[in-house]
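Pasted below: protein.tsv, TSV, C-alpha atoms.
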chain	number	residue	atom	x	y	z
A	1	MET	CA	150.37	-57.25	11.20
A	2	GLU	CA	151.54	-57.29	14.82
A	3	PHE	CA	155.25	-57.49	15.55
A	4	ILE	CA	157.91	-56.41	18.04
A	5	LYS	CA	160.90	-54.50	16.70
A	6	LYS	CA	164.28	-54.19	18.43
A	7	GLU	CA	167.20	-52.06	17.22
A	8	TYR	CA	170.78	-52.89	18.16
A	9	LYS	CA	173.21	-50.89	16.01
A	10	SER	CA	173.29	-47.86	13.72
A	11	PRO	CA	172.80	-49.00	10.11
A	12	ASN	CA	175.35	-46.62	8.59
A	13	LYS	CA	175.92	-47.89	5.06
A	14	ARG	CA	179.56	-46.79	5.15
A	15	ASP	CA	180.23	-49.19	8.03
A	16	TYR	CA	179.22	-52.34	6.16
A	17	ARG	CA	180.20	-54.07	2.93
A	18	GLN	CA	176.63	-55.26	2.36
A	19	PHE	CA	173.38	-56.14	4.15
A	20	LEU	CA	171.51	-59.37	4.72
A	21	LEU	CA	168.07	-60.50	5.85
A	22	ALA	CA	168.16	-63.58	8.10
A	23	GLY	CA	165.38	-65.45	9.81
A	24	ASP	CA	164.57	-68.03	12.46
A	25	ILE	CA	161.10	-69.28	11.58
A	26	GLY	CA	159.34	-71.77	13.85
A	27	GLY	CA	155.84	-73.03	14.48
A	28	THR	CA	155.27	-70.50	17.28
A	29	ASN	CA	157.63	-67.58	16.60
A	30	CYS	CA	159.00	-65.98	13.46
A	31	SER	CA	162.07	-63.78	13.96
A	32	LEU	CA	163.58	-61.77	11.11
A	33	GLY	CA	166.76	-59.73	11.37
A	34	ILE	CA	168.65	-57.15	9.32
A	35	PHE	CA	172.40	-57.77	9.43
A	36	GLY	CA	175.29	-55.66	8.26
A	37	ILE	CA	178.32	-57.60	6.96
A	38	LYS	CA	181.64	-56.26	8.23
A	39	ASN	CA	184.98	-58.07	7.80
A	40	LYS	CA	182.98	-61.10	6.63
A	41	LEU	CA	181.11	-61.20	9.95
A	42	PRO	CA	177.43	-60.33	10.54
A	43	GLU	CA	176.28	-57.64	12.97
A	44	LEU	CA	172.61	-57.60	13.94
A	45	ILE	CA	171.15	-54.15	13.29
A	46	ALA	CA	167.47	-54.77	14.02
A	47	SER	CA	165.14	-57.69	14.66
A	48	PHE	CA	161.41	-58.12	14.05
A	49	HIS	CA	159.40	-60.74	15.93
A	50	PHE	CA	156.04	-62.16	14.80
A	51	LYS	CA	153.70	-64.90	15.99
A	52	SER	CA	153.78	-67.59	13.30
A	53	ARG	CA	150.19	-68.74	13.68
A	54	LYS	CA	148.91	-65.18	13.14
A	55	LEU	CA	150.63	-64.94	9.75
A	56	LYS	CA	148.75	-65.63	6.52
A	57	ASN	CA	152.02	-66.35	4.76
A	58	LEU	CA	155.76	-65.70	5.22
A	59	TYR	CA	156.21	-63.36	2.28
A	60	GLU	CA	154.29	-60.48	3.90
A	61	PRO	CA	156.48	-60.15	7.04
A	62	ILE	CA	159.63	-60.50	4.92
A	63	ASN	CA	158.50	-57.68	2.63
A	64	LEU	CA	157.47	-55.61	5.66
A	65	VAL	CA	161.03	-55.83	7.02
A	66	LEU	CA	162.56	-55.08	3.62
A	67	GLY	CA	160.25	-52.08	3.24
A	68	HIS	CA	161.21	-50.82	6.68
A	69	ALA	CA	164.93	-51.10	5.86
A	70	LYS	CA	164.42	-49.14	2.65
A	71	LYS	CA	162.21	-46.44	4.16
A	72	GLU	CA	164.03	-45.89	7.47
A	73	TRP	CA	167.65	-46.43	6.45
A	74	ASN	CA	167.65	-46.44	2.65
A	75	ILE	CA	169.04	-49.98	2.66
A	76	LYS	CA	168.29	-52.36	-0.21
A	77	ILE	CA	168.71	-56.01	0.75
A	78	GLU	CA	169.22	-58.62	-1.97
A	79	ARG	CA	170.48	-61.59	0.09
A	80	CYS	CA	168.71	-63.74	2.68
A	81	CYS	CA	169.31	-66.82	4.80
A	82	LEU	CA	166.33	-68.38	6.56
A	83	GLY	CA	166.28	-71.18	9.13
A	84	VAL	CA	162.87	-72.86	8.98
A	85	ALA	CA	161.34	-75.51	11.26
A	86	GLY	CA	160.48	-78.04	8.61
A	87	VAL	CA	161.85	-80.61	6.17
A	88	LEU	CA	163.51	-79.04	3.13
A	89	SER	CA	163.13	-80.46	-0.36
A	90	ALA	CA	166.08	-82.39	-1.80
A	91	LYS	CA	167.20	-79.28	-3.70
A	92	LYS	CA	166.68	-77.08	-0.63
A	93	ASP	CA	164.41	-74.80	-2.61
A	94	TYR	CA	161.14	-75.43	-0.74
A	95	VAL	CA	160.10	-75.99	2.87
A	96	HIS	CA	156.76	-76.40	4.64
A	97	LEU	CA	156.67	-75.77	8.38
A	98	THR	CA	155.98	-78.90	10.42
A	99	ASN	CA	153.84	-77.17	13.06
A	100	ALA	CA	152.27	-74.29	11.14
A	101	ASN	CA	150.43	-73.96	7.84
A	102	LEU	CA	153.17	-71.88	6.23
A	103	HIS	CA	155.72	-72.50	3.50
A	104	LEU	CA	158.58	-70.90	1.59
A	105	ALA	CA	159.73	-71.47	-1.98
A	106	LYS	CA	162.92	-69.95	-3.40
A	107	LYS	CA	161.39	-69.00	-6.75
A	108	GLU	CA	158.38	-67.36	-5.13
A	109	LEU	CA	160.57	-65.59	-2.55
A	110	SER	CA	162.88	-64.26	-5.25
A	111	LYS	CA	159.92	-63.00	-7.28
A	112	LYS	CA	158.01	-61.40	-4.38
A	113	ALA	CA	160.94	-59.98	-2.39
A	114	GLY	CA	163.55	-59.38	-5.09
A	115	PHE	CA	166.34	-61.44	-3.55
A	116	LYS	CA	169.25	-62.38	-5.80
A	117	LYS	CA	170.74	-64.93	-3.41
A	118	ILE	CA	168.72	-67.14	-1.04
A	119	ILE	CA	169.64	-69.89	1.42
A	120	LEU	CA	166.97	-72.04	3.05
A	121	MET	CA	167.96	-74.37	5.88
A	122	ASN	CA	166.51	-76.24	8.83
A	123	ASP	CA	166.06	-74.10	11.96
A	124	PHE	CA	168.43	-76.24	14.02
A	125	GLU	CA	170.97	-76.11	11.24
A	126	ALA	CA	170.86	-72.32	11.65
A	127	LEU	CA	171.10	-72.69	15.42
A	128	GLY	CA	174.17	-74.88	14.90
A	129	TYR	CA	175.95	-72.12	12.97
A	130	TRP	CA	175.41	-69.85	16.00
A	131	ILE	CA	177.95	-71.95	17.95
A	132	ASN	CA	180.66	-70.22	15.87
A	133	THR	CA	179.75	-66.88	17.45
A	134	ILE	CA	179.11	-68.04	21.02
A	135	SER	CA	180.09	-65.92	24.03
A	136	ARG	CA	180.08	-66.74	27.75
A	137	ARG	CA	177.00	-64.66	28.46
A	138	ASP	CA	175.03	-66.73	25.91
A	139	ILE	CA	175.18	-69.95	27.95
A	140	ARG	CA	174.99	-71.35	31.46
A	141	THR	CA	177.07	-74.36	32.39
A	142	ILE	CA	174.96	-77.27	33.63
A	143	ARG	CA	177.94	-79.61	33.98
A	144	LYS	CA	181.53	-78.54	33.23
A	145	GLY	CA	182.98	-81.82	31.99
A	146	VAL	CA	186.27	-81.86	30.07
A	147	LYS	CA	185.77	-79.68	27.00
A	148	ILE	CA	187.86	-80.59	23.95
A	149	SER	CA	188.39	-77.83	21.40
A	150	LYS	CA	187.26	-78.63	17.84
A	151	ALA	CA	185.71	-81.94	18.91
A	152	PRO	CA	182.13	-82.65	17.76
A	153	ALA	CA	179.24	-80.92	19.53
A	154	VAL	CA	175.48	-81.24	19.45
A	155	VAL	CA	172.69	-78.72	19.93
A	156	ILE	CA	169.22	-79.91	20.93
A	157	GLY	CA	166.04	-78.17	21.94
A	158	ALA	CA	162.41	-78.82	22.87
A	159	GLY	CA	159.74	-76.21	22.18
A	160	THR	CA	156.88	-76.37	19.71
A	161	GLY	CA	158.80	-79.36	18.35
A	162	LEU	CA	162.07	-81.14	19.09
A	163	GLY	CA	165.25	-80.35	17.17
A	164	LYS	CA	168.83	-81.52	16.93
A	165	ALA	CA	171.93	-80.63	14.93
A	166	THR	CA	175.29	-82.37	15.12
A	167	LEU	CA	178.25	-80.01	14.75
A	168	VAL	CA	181.45	-81.10	13.02
A	169	TYR	CA	184.54	-78.89	12.88
A	170	ASP	CA	185.72	-77.99	9.36
A	171	LYS	CA	189.49	-77.38	9.45
A	172	ALA	CA	189.55	-75.76	6.01
A	173	LYS	CA	186.87	-73.19	6.87
A	174	ASN	CA	187.85	-72.98	10.56
A	175	ILE	CA	184.21	-73.18	11.67
A	176	TYR	CA	181.66	-75.70	12.90
A	177	ILE	CA	179.33	-77.08	10.22
A	178	PRO	CA	175.93	-78.32	11.45
A	179	LEU	CA	174.23	-81.47	10.18
A	180	ALA	CA	170.45	-81.16	10.34
A	181	SER	CA	168.10	-83.93	11.45
A	182	GLU	CA	164.42	-84.74	11.95
A	183	ILE	CA	164.96	-86.43	15.32
A	184	HIS	CA	161.51	-85.23	16.43
A	185	HIS	CA	159.94	-88.01	14.38
A	186	ALA	CA	162.26	-90.87	15.43
A	187	ASP	CA	160.49	-93.40	17.68
A	188	PHE	CA	160.59	-92.63	21.41
A	189	PRO	CA	162.53	-95.36	23.30
A	190	ALA	CA	160.34	-96.15	26.33
A	191	GLN	CA	162.33	-97.60	29.25
A	192	ASP	CA	159.69	-98.86	31.70
A	193	VAL	CA	156.05	-99.88	31.97
A	194	GLY	CA	154.92	-96.34	32.79
A	195	GLU	CA	156.53	-94.93	29.65
A	196	LEU	CA	155.09	-97.76	27.55
A	197	GLU	CA	151.64	-96.87	28.87
A	198	LEU	CA	152.31	-93.20	28.09
A	199	VAL	CA	153.30	-94.12	24.53
A	200	GLU	CA	150.09	-96.15	24.07
A	201	PHE	CA	148.06	-93.24	25.47
A	202	ILE	CA	149.63	-90.80	23.00
A	203	LYS	CA	149.11	-93.18	20.08
A	204	LYS	CA	145.40	-93.48	20.88
A	205	GLN	CA	145.01	-89.80	21.75
A	206	ARG	CA	146.52	-88.60	18.46
A	207	LYS	CA	145.51	-91.60	16.35
A	208	ILE	CA	149.08	-92.32	15.26
A	209	GLY	CA	150.95	-95.57	14.73
A	210	ASN	CA	154.21	-94.55	16.41
A	211	ALA	CA	155.05	-92.05	19.15
A	212	GLY	CA	158.16	-90.04	18.31
A	213	ASN	CA	160.67	-88.28	20.56
A	214	GLY	CA	158.91	-84.99	19.85
A	215	ASP	CA	155.56	-86.38	20.96
A	216	ILE	CA	157.00	-86.42	24.49
A	217	LEU	CA	159.74	-83.75	24.36
A	218	SER	CA	157.75	-80.69	23.25
A	219	GLY	CA	154.96	-78.42	24.41
A	220	ASN	CA	152.41	-80.93	23.12
A	221	GLY	CA	154.39	-83.62	24.91
A	222	LEU	CA	154.04	-81.85	28.26
A	223	GLU	CA	150.30	-81.63	27.66
A	224	SER	CA	150.09	-85.33	26.76
A	225	ILE	CA	152.05	-86.41	29.85
A	226	TYR	CA	149.79	-84.27	32.04
A	227	LEU	CA	146.58	-85.67	30.52
A	228	PHE	CA	147.96	-89.21	30.82
A	229	LEU	CA	148.62	-88.70	34.53
A	230	ARG	CA	145.18	-87.13	35.06
A	231	LYS	CA	143.51	-90.10	33.36
A	232	SER	CA	145.50	-92.56	35.48
A	233	GLY	CA	143.71	-91.32	38.61
A	234	ARG	CA	146.93	-91.53	40.60
A	235	PHE	CA	146.68	-87.95	41.82
A	236	LYS	CA	143.88	-85.98	43.42
A	237	GLN	CA	142.30	-83.38	41.17
A	238	SER	CA	143.45	-79.97	42.37
A	239	LYS	CA	141.68	-76.63	42.15
A	240	LEU	CA	144.10	-75.71	39.34
A	241	HIS	CA	143.07	-78.58	37.05
A	242	LYS	CA	140.13	-76.77	35.46
A	243	GLU	CA	142.25	-73.67	34.74
A	244	ILE	CA	144.98	-75.82	33.18
A	245	TYR	CA	142.56	-77.95	31.16
A	246	MET	CA	140.66	-74.94	29.76
A	247	ALA	CA	143.80	-72.98	28.85
A	248	LYS	CA	144.66	-72.40	25.17
A	249	ASN	CA	148.29	-73.24	25.89
A	250	ARG	CA	148.22	-76.00	28.47
A	251	ALA	CA	151.99	-76.47	28.38
A	252	GLU	CA	152.52	-72.93	29.67
A	253	MET	CA	150.05	-73.51	32.51
A	254	ILE	CA	151.68	-76.84	33.42
A	255	SER	CA	154.99	-75.00	33.58
A	256	LYS	CA	153.46	-72.18	35.63
A	257	TYR	CA	152.03	-74.53	38.28
A	258	ARG	CA	154.68	-77.27	38.34
A	259	LYS	CA	155.70	-76.28	41.88
A	260	ASN	CA	152.14	-75.93	43.19
A	261	ASP	CA	150.31	-78.88	41.64
A	262	ILE	CA	151.40	-82.49	42.13
A	263	THR	CA	150.32	-83.60	38.63
A	264	CYS	CA	152.24	-80.75	37.01
A	265	ARG	CA	155.27	-81.59	39.14
A	266	LYS	CA	155.14	-85.27	38.16
A	267	THR	CA	154.68	-84.24	34.51
A	268	PHE	CA	157.99	-82.39	34.62
A	269	GLU	CA	159.72	-85.27	36.40
A	270	ILE	CA	158.81	-87.59	33.53
A	271	PHE	CA	159.73	-84.91	30.99
A	272	LYS	CA	163.10	-84.24	32.68
A	273	SER	CA	164.04	-87.91	32.76
A	274	ALA	CA	163.19	-88.37	29.07
A	275	TYR	CA	165.04	-85.15	28.15
A	276	ALA	CA	168.20	-86.24	29.98
A	277	ARG	CA	168.16	-89.62	28.23
A	278	PHE	CA	167.60	-87.96	24.88
A	279	ALA	CA	170.56	-85.63	25.51
A	280	LYS	CA	172.65	-88.66	26.49
A	281	GLY	CA	171.75	-90.49	23.30
A	282	CYS	CA	172.69	-87.47	21.17
A	283	ALA	CA	175.99	-87.08	23.04
A	284	LEU	CA	176.92	-90.72	22.52
A	285	ASP	CA	175.80	-90.64	18.89
A	286	SER	CA	178.47	-88.05	18.00
A	287	LEU	CA	180.80	-88.26	21.04
A	288	SER	CA	180.20	-84.57	21.65
A	289	PHE	CA	183.29	-83.71	23.70
A	290	ASN	CA	182.92	-80.04	22.77
A	291	GLY	CA	179.56	-80.03	24.52
A	292	VAL	CA	175.84	-80.71	24.48
A	293	TYR	CA	174.01	-77.38	24.05
A	294	ILE	CA	170.38	-77.35	25.18
A	295	ALA	CA	168.25	-74.64	23.57
A	296	GLY	CA	164.50	-74.10	23.09
A	297	GLY	CA	161.73	-72.28	24.89
A	298	ILE	CA	160.98	-74.98	27.45
A	299	ALA	CA	164.59	-75.04	28.65
A	300	ILE	CA	164.84	-71.26	29.06
A	301	LYS	CA	161.51	-71.01	30.91
A	302	ASN	CA	162.21	-73.98	33.21
A	303	GLN	CA	165.93	-73.71	33.87
A	304	ASP	CA	165.88	-75.42	37.25
A	305	ILE	CA	164.97	-78.81	35.73
A	306	PHE	CA	168.63	-79.09	34.67
A	307	ASP	CA	169.72	-80.12	38.13
A	308	LYS	CA	171.71	-82.94	39.75
A	309	LYS	CA	168.97	-85.47	38.90
A	310	PHE	CA	169.12	-84.44	35.23
A	311	VAL	CA	172.91	-84.85	35.20
A	312	LYS	CA	172.69	-88.21	37.01
A	313	GLU	CA	170.22	-89.50	34.41
A	314	PHE	CA	172.49	-88.18	31.64
A	315	GLU	CA	175.48	-90.09	33.06
A	316	GLU	CA	173.61	-93.35	33.71
A	317	SER	CA	175.16	-96.02	31.47
A	318	HIS	CA	176.44	-99.53	32.09
A	319	LYS	CA	179.60	-99.04	30.01
A	320	MET	CA	179.74	-95.37	28.96
A	321	GLU	CA	179.47	-93.57	32.32
A	322	LYS	CA	183.13	-92.46	32.33
A	323	ILE	CA	182.77	-91.08	28.81
A	324	LEU	CA	179.53	-89.25	29.61
A	325	ARG	CA	181.05	-87.60	32.69
A	326	LYS	CA	183.60	-85.90	30.44
A	327	ILE	CA	181.02	-84.33	28.11
A	328	PRO	CA	180.10	-80.70	29.02
A	329	ILE	CA	176.44	-79.71	29.15
A	330	TYR	CA	175.32	-76.13	28.52
A	331	LEU	CA	172.01	-74.29	28.60
A	332	VAL	CA	171.56	-71.78	25.75
A	333	LEU	CA	170.29	-68.48	27.21
A	334	ASN	CA	170.36	-66.34	24.07
A	335	THR	CA	166.83	-66.29	22.62
A	336	ASN	CA	168.21	-64.87	19.36
A	337	ALA	CA	170.64	-67.78	18.86
A	338	GLY	CA	168.84	-69.20	15.83
A	339	LEU	CA	168.55	-65.79	14.20
A	340	LEU	CA	172.23	-65.04	14.82
A	341	GLY	CA	173.16	-68.44	13.40
A	342	ALA	CA	171.20	-67.76	10.23
A	343	GLY	CA	172.98	-64.41	9.98
A	344	PHE	CA	176.37	-66.14	10.32
A	345	ALA	CA	175.50	-68.70	7.64
A	346	GLY	CA	174.26	-65.95	5.34
A	347	ALA	CA	177.45	-63.94	5.81
A	348	MET	CA	179.40	-66.91	4.41
A	349	MET	CA	177.26	-66.90	1.27
A	350	LYS	CA	179.31	-66.48	-1.92
Could you quickly redo this structure as structure tokens?
Amino acid sequence: MEFIKKEYKSPNKRDYRQFLLAGDIGGTNCSLGIFGIKNKLPELIASFHFKSRKLKNLYEPINLVLGHAKKEWNIKIERCCLGVAGVLSAKKDYVHLTNANLHLAKKELSKKAGFKKIILMNDFEALGYWINTISRRDIRTIRKGVKISKAPAVVIGAGTGLGKATLVYDKAKNIYIPLASEIHHADFPAQDVGELELVEFIKKQRKIGNAGNGDILSGNGLESIYLFLRKSGRFKQSKLHKEIYMAKNRAEMISKYRKNDITCRKTFEIFKSAYARFAKGCALDSLSFNGVYIAGGIAIKNQDIFDKKFVKEFEESHKMEKILRKIPIYLVLNTNAGLLGAGFAGAMMK
């Protein structure tokens, strides 16, 4: 089983009250971390990173990490908190990943890994908990706005799928509590003829009745926009088209050549406009005066799309422009944010 391991701190058992396994499990990447709990706060000791689609199941990598902790540091871990990219059951005891053929069940996890306490949550719920641990180096300011302490916030992100969590401040606990969503599957609100044609193209291409936000704002969405533009015949076929079309991950190639190929460039223009409007809708939905935090792999790899045009599209509103100008916008730079959020949530476990 291939994985990348990173160590951050010395796992001296005398330094911590107890230990915790946390995870950020998505359709592309699976990150697991060992945390030490000190003064009720989690400290990341080591992280292990796997490719989700190369895993036969999720119990094997979890047991691999537990075995490593026992063998290398003589640490026995009996608690875990896992953020998973999928819809949880009503009892939050089972989850199947939306974009990978993997699942987790509490009973099975307890039996196979020996955990006594388990929390399963949506991956963006875990990412939302990370906001409680945020530092300046974790983010880049896209637009400063007028930040209001303890006001609602929202974290969004496009990658393999599209995620969102609304963050509400809990005065009793003195932390932000995230509210998970499945915004990926909500219908995409097309705004012009071109977007309506794109929606119809995606519906026929994927044989679906409705095109959701995530069908445009994701890696698959980038691919669909590109193929839609190619089929339109509006742009000359470049020498790069064959390389892009034959690639296993077309989204990565579209990103790679977006400054060299006119179709790739136009793909990102459409994507950027839709992303800005989506961010605006989320901001207005919760009046996120503490900020809109944009996470996800596409954002980190294509940071320059969050420019003046993005901000202008975000602010565009007949009646709400003054409100939108006050809302800060941040880019999340920390690629371990979801893992750290799961660690924070697990540290609060009673």
Report as a tab-separated table: every residue of region 274-293 of chain A with an atom at most 6 Å from region 321-340 of chain A, its closest pair of atoms, and their distance in Å to one decimal, counting only C-alpha atoms, with rows sorted by chain and ascending residue number.
residue	atom	partner	partner_atom	distance
A:Phe289	CA	A:Ile327	CA	5.0
A:Gly291	CA	A:Pro328	CA	4.6
A:Val292	CA	A:Ile329	CA	4.8
A:Tyr293	CA	A:Tyr330	CA	4.8
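Restricting the calculation to only C-alpha atoms, the smallest distance between Lys56 (chain A) and any of A:Ala172, A:Leu102, A:Ala251, A:Leu88 is found for A:Leu102.
Note that CA of Asn39 (chain A) and CA of Glu72 (chain A) are 24.2 Å apart.
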Practice task
Compile the contact shell of Arg79 (chain A) as a PyMOL selection string: residues with an atom at most 12 Å away, counting only C-alpha atoms, same-chain residues fewer than 6 positions apart removed.
Solution key: chain A and resi 18-23+34-37+62+66+106+109-110+113-120+342-343+345-350
Problem - CA of Thr267 (chain A) to CA of Asp304 (chain A), straight-line distance in Å - result: 14.5 Å
Using only the atoms of region 35-41 of chain A listed in the file, plus 4 Å on each side, state the axis-aligned box centre and edge lengths in Å rounded to one decimal, as AutoDock Vina command-line options.
--center_x 178.7 --center_y -58.4 --center_z 8.3 --size_x 20.6 --size_y 13.5 --size_z 11.3
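You can rank A:Lys40, A:Lys173, A:Lys308, A:Lys70 by their closest distance to Ser273 (chain A) using only C-alpha atoms, and at the top of that list sits A:Lys308.
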Practice task
Within 12 Å of Leu198 (chain A), counting only C-alpha atoms, which residues show up once you throw out same-chain ones fewer than 2 positions away? Write them as a PyMOL selection string, please.
Solution key: chain A and resi 188-196+200-205+210-212+215-216+221-232+267+270-271+274
